[in-house]
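See structure below.
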Protein chains: 2
Amino acid sequence: MRRTSFADMNCSIAQSLEAVGEWWTLLILRDAMMGVTRFDQFQARLGIARNVLTTRLQSLVDHGILAEVQYQERPPRFEYVLTAKGGELWTVLTMLRQWGDRWSAPAGVPVEAVHDACGHVTRARLVCSECGEPLRGGELTLRHGPGAPEGGVLPA
Amino acid sequence: MRRTSFADMNCSIAQSLEAVGEWWTLLILRDAMMGVTRFDQFQARLGIARNVLTTRLQSLVDHGILAEVQYQERPPRFEYVLTAKGGELWTVLTMLRQWGDRWSAPAGVPVEAVHDACGHVTRARLVCSECGEPLRGGELTLRHGPGAPEGGVLPA
(Lines give C-alpha, C1' and ligand atoms only; values in the text may rest on other atoms or scores of the structure.)
Protein backbone atom coordinates (compact mmCIF):
# COMPACT_ATOMS: atom_id res chain seq x y z
CA MET A 1 0.00 0.00 0.00
CA ARG A 2 1.24 3.44 -0.87
CA ARG A 3 -0.35 6.47 0.66
CA THR A 4 -0.96 9.79 -0.97
CA SER A 5 -2.90 11.28 1.94
CA PHE A 6 -2.89 10.91 5.70
CA ALA A 7 -6.50 11.87 6.23
CA ASP A 8 -7.46 8.25 6.85
CA MET A 9 -4.81 7.63 9.51
CA ASN A 10 -6.48 7.88 12.88
CA CYS A 11 -3.67 9.73 14.56
CA SER A 12 -3.70 13.37 15.56
CA ILE A 13 -0.14 13.88 14.36
CA ALA A 14 -1.03 12.57 10.91
CA GLN A 15 -4.20 14.68 10.87
CA SER A 16 -2.16 17.74 11.73
CA LEU A 17 0.40 17.03 9.05
CA GLU A 18 -2.43 16.80 6.54
CA ALA A 19 -3.00 20.48 7.26
CA VAL A 20 0.45 21.80 7.97
CA GLY A 21 2.94 19.10 7.05
CA GLU A 22 5.05 20.81 4.49
CA TRP A 23 7.88 23.32 4.61
CA TRP A 24 6.25 26.28 2.93
CA THR A 25 3.11 25.91 4.95
CA LEU A 26 4.96 26.17 8.25
CA LEU A 27 7.06 29.10 7.05
CA ILE A 28 3.93 30.90 5.88
CA LEU A 29 2.50 30.33 9.35
CA ARG A 30 5.71 31.58 10.93
CA ASP A 31 5.34 34.83 9.00
CA ALA A 32 1.60 35.03 9.71
CA MET A 33 2.44 34.86 13.42
CA MET A 34 4.89 37.71 12.92
CA GLY A 35 2.08 39.85 11.52
CA VAL A 36 2.39 39.29 7.78
CA THR A 37 -1.03 39.30 6.11
CA ARG A 38 -0.62 40.24 2.48
CA PHE A 39 0.27 38.09 -0.49
CA ASP A 40 3.09 40.33 -1.70
CA GLN A 41 4.64 40.45 1.78
CA PHE A 42 4.66 36.67 2.08
CA GLN A 43 6.05 36.43 -1.40
CA ALA A 44 8.87 38.91 -0.80
CA ARG A 45 9.85 37.49 2.59
CA LEU A 46 9.82 33.85 1.58
CA GLY A 47 11.08 34.03 -1.98
CA ILE A 48 8.39 31.55 -2.90
CA ALA A 49 6.96 31.15 -6.39
CA ARG A 50 3.62 32.97 -6.67
CA ASN A 51 1.70 29.92 -7.85
CA VAL A 52 3.04 27.84 -4.96
CA LEU A 53 2.13 30.59 -2.49
CA THR A 54 -1.38 30.82 -3.92
CA THR A 55 -1.87 27.08 -3.50
CA ARG A 56 -0.50 27.02 0.04
CA LEU A 57 -2.54 29.99 1.21
CA GLN A 58 -5.70 28.45 -0.23
CA SER A 59 -4.96 25.17 1.50
CA LEU A 60 -4.54 26.97 4.82
CA VAL A 61 -7.87 28.76 4.25
CA ASP A 62 -9.52 25.44 3.37
CA HIS A 63 -8.21 23.93 6.59
CA GLY A 64 -9.54 26.83 8.65
CA ILE A 65 -6.06 27.95 9.68
CA LEU A 66 -6.12 31.28 7.85
CA ALA A 67 -9.15 33.40 6.98
CA GLU A 68 -9.41 35.66 3.95
CA VAL A 69 -10.43 39.19 4.87
CA GLN A 70 -11.17 41.87 2.27
CA TYR A 71 -9.27 45.08 3.00
CA GLN A 72 -9.95 46.99 -0.22
CA GLU A 73 -12.99 47.21 -2.48
CA ARG A 74 -11.77 48.53 -5.83
CA PRO A 75 -10.01 46.51 -6.92
CA PRO A 76 -10.93 43.82 -4.37
CA ARG A 77 -7.94 42.87 -2.24
CA PHE A 78 -7.72 40.29 0.49
CA GLU A 79 -5.41 39.63 3.34
CA TYR A 80 -4.84 36.44 5.29
CA VAL A 81 -5.26 36.39 9.04
CA LEU A 82 -4.82 33.57 11.50
CA THR A 83 -7.96 31.97 12.89
CA ALA A 84 -8.11 30.70 16.46
CA LYS A 85 -7.20 27.26 15.14
CA GLY A 86 -4.25 28.68 13.24
CA GLY A 87 -3.05 30.83 16.09
CA GLU A 88 -2.76 27.80 18.34
CA LEU A 89 -0.03 26.43 16.11
CA TRP A 90 2.33 28.85 17.86
CA THR A 91 3.10 26.00 20.24
CA VAL A 92 4.35 23.78 17.40
CA LEU A 93 6.40 26.57 15.83
CA THR A 94 7.87 27.53 19.20
CA MET A 95 9.04 23.99 19.87
CA LEU A 96 10.43 23.75 16.35
CA ARG A 97 12.27 27.06 16.78
CA GLN A 98 13.73 26.03 20.10
CA TRP A 99 14.87 22.70 18.75
CA GLY A 100 16.56 24.46 15.84
CA ASP A 101 18.10 26.98 18.24
CA ARG A 102 19.61 24.15 20.22
CA TRP A 103 20.88 21.97 17.41
CA SER A 104 21.32 24.17 14.35
CA ALA A 105 22.36 27.61 15.59
CA PRO A 106 26.06 27.36 16.50
CA ALA A 107 26.53 31.14 16.22
CA GLY A 108 23.76 31.84 18.73
CA VAL A 109 20.03 32.08 18.27
CA PRO A 110 18.93 34.23 15.32
CA VAL A 111 15.69 35.19 17.06
CA GLU A 112 14.88 35.30 20.75
CA ALA A 113 11.51 35.60 22.43
CA VAL A 114 10.75 37.98 25.28
CA HIS A 115 7.93 37.03 27.64
CA ASP A 116 5.96 40.25 27.84
CA ALA A 117 4.58 39.48 31.28
CA CYS A 118 7.97 39.11 33.00
CA GLY A 119 10.23 40.96 30.56
CA HIS A 120 12.82 38.21 30.24
CA VAL A 121 14.13 36.31 27.25
CA THR A 122 12.30 33.04 27.63
CA ARG A 123 12.31 29.48 26.48
CA ALA A 124 9.01 27.66 26.64
CA ARG A 125 9.13 24.68 29.00
CA LEU A 126 6.62 21.85 29.00
CA VAL A 127 4.86 20.97 32.22
CA CYS A 128 2.15 18.46 33.10
CA SER A 129 -1.38 19.88 33.03
CA GLU A 130 -2.26 17.75 36.06
CA CYS A 131 0.65 17.94 38.50
CA GLY A 132 2.45 20.99 37.11
CA GLU A 133 5.84 19.29 37.15
CA PRO A 134 8.23 19.57 34.18
CA LEU A 135 7.63 16.94 31.51
CA ARG A 136 10.42 14.88 30.03
CA GLY A 137 10.08 12.87 26.87
CA GLY A 138 10.69 9.48 28.38
CA GLU A 139 8.03 10.01 31.04
CA LEU A 140 4.95 9.85 28.87
CA THR A 141 3.17 6.56 28.25
CA LEU A 142 0.87 6.59 25.24
CA ARG A 143 -2.32 4.53 25.22
CA HIS A 144 -5.57 4.42 23.29
CA GLY A 145 -7.94 7.27 24.03
CA PRO A 146 -11.73 7.48 23.69
CA GLY A 147 -11.46 8.20 19.94
CA ALA A 148 -9.24 5.23 19.16
CA PRO A 149 -10.42 3.01 16.34
CA GLU A 150 -9.70 -0.63 15.73
CA GLY A 151 -6.08 -0.82 14.71
CA GLY A 152 -5.21 2.64 15.93
CA VAL A 153 -1.57 3.65 16.09
CA LEU A 154 0.18 2.77 19.33
CA PRO A 155 3.65 1.77 20.52
CA ALA A 156 5.30 -1.08 18.68
CA MET B 1 13.99 33.97 -6.54
CA ARG B 2 12.75 30.45 -6.02
CA ARG B 3 14.13 28.36 -3.24
CA THR B 4 14.83 24.68 -3.30
CA SER B 5 16.45 24.53 0.13
CA PHE B 6 16.08 26.39 3.40
CA ALA B 7 19.60 25.81 4.63
CA ASP B 8 20.56 29.40 3.83
CA MET B 9 17.65 30.98 5.70
CA ASN B 10 18.95 32.15 9.05
CA CYS B 11 15.93 31.09 11.04
CA SER B 12 15.78 28.17 13.43
CA ILE B 13 12.37 27.14 12.18
CA ALA B 14 13.64 26.95 8.60
CA GLN B 15 16.74 25.08 9.76
CA SER B 16 14.56 22.59 11.59
CA LEU B 17 12.31 22.08 8.60
CA GLU B 18 15.39 21.35 6.53
CA ALA B 19 15.80 18.29 8.76
CA VAL B 20 12.26 17.30 9.58
CA GLY B 21 9.92 19.33 7.38
CA GLU B 22 8.08 16.68 5.55
CA TRP B 23 5.19 14.39 6.36
CA TRP B 24 6.89 11.03 6.25
CA THR B 25 9.82 12.24 8.23
CA LEU B 26 7.65 13.31 11.14
CA LEU B 27 5.60 10.12 11.04
CA ILE B 28 8.80 8.05 11.02
CA LEU B 29 9.87 10.01 14.08
CA ARG B 30 6.49 9.45 15.70
CA ASP B 31 6.99 5.72 15.31
CA ALA B 32 10.62 5.90 16.42
CA MET B 33 9.42 7.55 19.63
CA MET B 34 6.98 4.69 20.08
CA GLY B 35 9.84 2.23 19.99
CA VAL B 36 9.94 1.21 16.33
CA THR B 37 13.51 0.58 15.18
CA ARG B 38 13.44 -1.77 12.20
CA PHE B 39 12.91 -1.04 8.55
CA ASP B 40 10.18 -3.63 8.08
CA GLN B 41 8.30 -2.37 11.13
CA PHE B 42 8.32 1.20 9.86
CA GLN B 43 7.28 -0.02 6.46
CA ALA B 44 4.38 -2.09 7.73
CA ARG B 45 3.07 0.57 10.13
CA LEU B 46 3.29 3.49 7.74
CA GLY B 47 2.39 1.84 4.45
CA ILE B 48 5.23 3.78 2.88
CA ALA B 49 7.02 2.76 -0.31
CA ARG B 50 10.32 1.05 0.51
CA ASN B 51 12.42 3.40 -1.60
CA VAL B 52 10.84 6.44 0.04
CA LEU B 53 11.42 4.96 3.48
CA THR B 54 15.06 4.23 2.64
CA THR B 55 15.59 7.83 1.54
CA ARG B 56 13.87 9.30 4.59
CA LEU B 57 15.72 7.10 7.07
CA GLN B 58 19.04 7.98 5.45
CA SER B 59 18.21 11.68 5.62
CA LEU B 60 17.40 11.37 9.31
CA VAL B 61 20.73 9.58 9.87
CA ASP B 62 22.54 12.29 7.88
CA HIS B 63 20.95 14.96 10.07
CA GLY B 64 22.00 13.18 13.25
CA ILE B 65 18.41 12.50 14.29
CA LEU B 66 18.57 8.72 13.99
CA ALA B 67 21.63 6.50 14.38
CA GLU B 68 22.15 3.20 12.58
CA VAL B 69 22.99 0.37 14.96
CA GLN B 70 23.94 -3.10 13.76
CA TYR B 71 21.92 -5.78 15.53
CA GLN B 72 22.87 -8.82 13.46
CA GLU B 73 26.10 -9.89 11.80
CA ARG B 74 25.20 -12.47 9.20
CA PRO B 75 23.61 -11.11 7.18
CA PRO B 76 24.34 -7.61 8.47
CA ARG B 77 21.17 -5.95 9.75
CA PHE B 78 20.72 -2.48 11.15
CA GLU B 79 18.16 -0.76 13.24
CA TYR B 80 17.45 2.93 13.64
CA VAL B 81 17.48 4.51 17.07
CA LEU B 82 16.86 8.08 18.11
CA THR B 83 19.88 10.18 19.04
CA ALA B 84 19.69 12.80 21.78
CA LYS B 85 19.00 15.39 19.08
CA GLY B 86 16.24 13.26 17.62
CA GLY B 87 14.71 12.43 20.96
CA GLU B 88 14.24 16.11 21.76
CA LEU B 89 11.78 16.38 18.90
CA TRP B 90 9.22 14.82 21.23
CA THR B 91 8.25 18.39 22.14
CA VAL B 92 7.35 19.23 18.54
CA LEU B 93 5.42 16.00 18.05
CA THR B 94 3.59 16.48 21.34
CA MET B 95 2.43 19.96 20.39
CA LEU B 96 1.42 18.70 16.95
CA ARG B 97 -0.53 15.81 18.51
CA GLN B 98 -2.30 18.07 20.96
CA TRP B 99 -3.22 20.55 18.25
CA GLY B 100 -4.64 17.72 16.16
CA ASP B 101 -6.48 16.37 19.20
CA ARG B 102 -8.12 19.72 19.69
CA TRP B 103 -9.05 20.55 16.11
CA SER B 104 -9.22 17.27 14.21
CA ALA B 105 -10.44 14.63 16.62
CA PRO B 106 -14.23 15.13 16.95
CA ALA B 107 -14.74 11.55 18.20
CA GLY B 108 -12.26 12.01 21.04
CA VAL B 109 -8.52 11.69 21.11
CA PRO B 110 -7.17 8.54 19.44
CA VAL B 111 -4.14 8.46 21.72
CA GLU B 112 -3.73 9.88 25.20
CA ALA B 113 -0.54 10.36 27.20
CA VAL B 114 -0.13 9.36 30.82
CA HIS B 115 2.45 11.24 32.87
CA ASP B 116 4.33 8.44 34.55
CA ALA B 117 5.36 10.58 37.52
CA CYS B 118 1.82 11.53 38.59
CA GLY B 119 -0.22 8.81 36.90
CA HIS B 120 -2.71 11.14 35.21
CA VAL B 121 -3.65 11.63 31.59
CA THR B 122 -1.79 14.80 30.79
CA ARG B 123 -1.62 17.57 28.28
CA ALA B 124 1.70 19.35 28.01
CA ARG B 125 1.41 23.04 28.94
CA LEU B 126 3.97 25.68 28.04
CA VAL B 127 5.41 27.82 30.79
CA CYS B 128 8.06 30.54 30.82
CA SER B 129 11.56 29.30 31.69
CA GLU B 130 12.17 32.50 33.67
CA CYS B 131 9.02 33.24 35.68
CA GLY B 132 7.30 29.87 35.47
CA GLU B 133 3.94 31.35 34.49
CA PRO B 134 1.87 29.84 31.65
CA LEU B 135 2.79 31.17 28.20
CA ARG B 136 0.19 32.38 25.74
CA GLY B 137 0.91 32.91 22.08
CA GLY B 138 0.23 36.62 22.01
CA GLU B 139 2.58 37.28 24.91
CA LEU B 140 5.88 36.62 23.18
CA THR B 141 7.78 39.41 21.46
CA LEU B 142 10.38 38.22 18.99
CA ARG B 143 13.59 40.15 18.45
CA HIS B 144 17.03 39.54 16.98
CA GLY B 145 19.25 37.30 19.07
CA PRO B 146 23.04 37.04 19.21
CA GLY B 147 23.17 34.87 16.11
CA ALA B 148 21.09 37.21 13.95
CA PRO B 149 22.62 38.11 10.60
CA GLU B 150 22.03 41.18 8.50
CA GLY B 151 18.55 40.86 7.13
CA GLY B 152 17.49 38.14 9.55
CA VAL B 153 13.83 37.21 9.73
CA LEU B 154 11.77 39.29 12.13
CA PRO B 155 8.22 40.58 12.47
CA ALA B 156 6.81 42.40 9.46
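Quick note on naming: the chains in the C-alpha coordinates go A, B, ... in the order shown, residues restart at 1 in each chain, and ligands are numbered from 1 in order of appearance.
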Selection: 10 Å around region 28-31 of chain B, only C-alpha atoms, excl. self and same-chain fewer than 4 positions, as a CSV table (one decimal) with N, CA and C atoms, in the first residue's frame:
```
chain,number,residue,atom,x,y,z
A,13,ILE,N,-1.3,13.3,15.0
A,13,ILE,CA,-0.1,13.9,14.4
A,13,ILE,C,-0.3,13.8,12.8
A,14,ALA,N,-0.8,12.7,12.4
A,14,ALA,CA,-1.0,12.6,10.9
A,14,ALA,C,-2.1,13.6,10.4
A,153,VAL,N,-3.0,3.6,16.0
A,153,VAL,CA,-1.6,3.7,16.1
A,153,VAL,C,-1.2,3.7,17.6
A,154,LEU,N,-0.3,2.8,18.0
A,154,LEU,CA,0.2,2.8,19.3
A,154,LEU,C,1.6,2.2,19.3
A,155,PRO,N,2.3,2.2,20.5
A,155,PRO,CA,3.7,1.8,20.5
A,155,PRO,C,3.8,0.4,19.9
A,156,ALA,N,5.0,0.2,19.4
A,156,ALA,CA,5.3,-1.1,18.7
A,156,ALA,C,5.3,-2.2,19.7
B,20,VAL,N,13.4,18.1,9.3
B,20,VAL,CA,12.3,17.3,9.6
B,20,VAL,C,11.0,17.8,8.9
B,23,TRP,N,6.1,15.3,5.7
B,23,TRP,CA,5.2,14.4,6.4
B,23,TRP,C,5.8,13.1,6.8
B,24,TRP,N,6.4,12.4,5.9
B,24,TRP,CA,6.9,11.0,6.2
B,24,TRP,C,7.9,11.1,7.4
B,35,GLY,N,9.0,3.4,19.8
B,35,GLY,CA,9.8,2.2,20.0
B,35,GLY,C,10.1,1.4,18.7
B,36,VAL,N,9.6,1.9,17.6
B,36,VAL,CA,9.9,1.2,16.3
B,36,VAL,C,11.4,1.5,16.0
B,37,THR,N,12.1,0.4,15.6
B,37,THR,CA,13.5,0.6,15.2
B,37,THR,C,13.8,-0.1,13.8
B,41,GLN,N,9.4,-2.9,10.2
B,41,GLN,CA,8.3,-2.4,11.1
B,41,GLN,C,7.8,-1.0,10.7
B,42,PHE,N,8.7,-0.1,10.4
B,42,PHE,CA,8.3,1.2,9.9
B,42,PHE,C,7.5,1.0,8.6
B,43,GLN,N,7.9,0.1,7.8
B,43,GLN,CA,7.3,0.0,6.5
B,43,GLN,C,5.9,-0.5,6.7
B,45,ARG,N,3.9,-0.4,9.4
B,45,ARG,CA,3.1,0.6,10.1
B,45,ARG,C,2.7,1.8,9.3
B,46,LEU,N,3.6,2.2,8.5
B,46,LEU,CA,3.3,3.5,7.7
B,46,LEU,C,2.7,3.3,6.4
B,48,ILE,N,4.4,2.9,3.7
B,48,ILE,CA,5.2,3.8,2.9
B,48,ILE,C,6.0,2.9,1.9
B,53,LEU,N,11.0,5.2,2.1
B,53,LEU,CA,11.4,5.0,3.5
B,53,LEU,C,12.9,4.9,3.6
B,56,ARG,N,14.2,8.5,3.4
B,56,ARG,CA,13.9,9.3,4.6
B,56,ARG,C,14.7,8.9,5.8
B,57,LEU,N,14.9,7.6,6.0
B,57,LEU,CA,15.7,7.1,7.1
B,57,LEU,C,17.2,7.6,6.9
B,60,LEU,N,17.4,11.2,7.9
B,60,LEU,CA,17.4,11.4,9.3
B,60,LEU,C,18.7,11.0,9.9
B,65,ILE,N,19.7,12.7,13.5
B,65,ILE,CA,18.4,12.5,14.3
B,65,ILE,C,18.2,11.0,14.6
B,66,LEU,N,18.6,10.2,13.7
B,66,LEU,CA,18.6,8.7,14.0
B,66,LEU,C,20.0,8.2,13.8
B,81,VAL,N,17.9,4.0,15.7
B,81,VAL,CA,17.5,4.5,17.1
B,81,VAL,C,17.7,6.0,17.2
B,82,LEU,N,16.8,6.6,17.9
B,82,LEU,CA,16.9,8.1,18.1
B,82,LEU,C,18.1,8.5,18.8
B,86,GLY,N,17.5,13.7,18.1
B,86,GLY,CA,16.2,13.3,17.6
B,86,GLY,C,15.2,13.1,18.7
B,87,GLY,N,15.6,12.6,19.9
B,87,GLY,CA,14.7,12.4,21.0
B,87,GLY,C,14.1,13.7,21.4
B,89,LEU,N,12.9,16.0,19.7
B,89,LEU,CA,11.8,16.4,18.9
B,89,LEU,C,10.4,15.9,19.5
B,90,TRP,N,10.5,15.2,20.6
B,90,TRP,CA,9.2,14.8,21.2
B,90,TRP,C,8.4,16.1,21.6
B,93,LEU,N,6.5,17.0,18.3
B,93,LEU,CA,5.4,16.0,18.0
B,93,LEU,C,4.3,16.1,19.1
B,94,THR,N,4.6,16.4,20.3
B,94,THR,CA,3.6,16.5,21.3
B,94,THR,C,2.7,17.7,21.1
B,97,ARG,N,0.5,16.8,18.1
B,97,ARG,CA,-0.5,15.8,18.5
B,97,ARG,C,-1.6,16.5,19.2
```
Item to complete: Would you kindly return, as a VMD selection string, each protein, DNA or RNA residue with an atom no farther than 12 Å from any atom of His115 (chain B), considering only C-alpha atoms and excluding same-chain residues fewer than 4 positions away?
Response: (chain A and resid 127 to 143) or (chain B and resid 119 to 124)
Worksheet entry | strand (DSSP E or B) residues, from DSSP on the backbone, in region 3-155 of chain B, as a PyMOL selection string | chain B and resi 22+66-72+77-82+111-115+121-122+124-128+134+140-144
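The closest residue to Met34 (chain A), picked from A:Ala148, A:Ala113, A:Ala105, A:Leu126 and counting only C-alpha atoms, is A:Ala113.
With CA of Glu68 (chain B) on one side and CA of Arg50 (chain B) on the other, the separation reads 17.0 Å.
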Worksheet entry | chain B: residues DSSP assigns to alpha helix (DSSP H), reported as a PyMOL selection string | chain B and resi 12-20+23-33+39-46+50-62+84-87+90-104
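Here CA of Trp99 (chain A) is placed at a distance of 9.5 Å from CA of Gln15 (chain B).
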Fill in: Point-to-point distance in Å for CA of Asp116 (chain A) and CA of Val69 (chain A)
28.2 Å
Fill in: Tyr71 (chain A) surroundings by only C-alpha atoms, 12 Å radius, close-in-sequence under 3 positions cut, as an MDAnalysis selection string
chainID A and resid 37:38 68 74:81
Worksheet entry | Arg102 (chain B) surroundings by only C-alpha atoms, 10 Å radius, close-in-sequence under 4 positions cut, as a PyMOL selection string | (chain A and resi 12+85+88) or (chain B and resi 96-98+106+108-109)
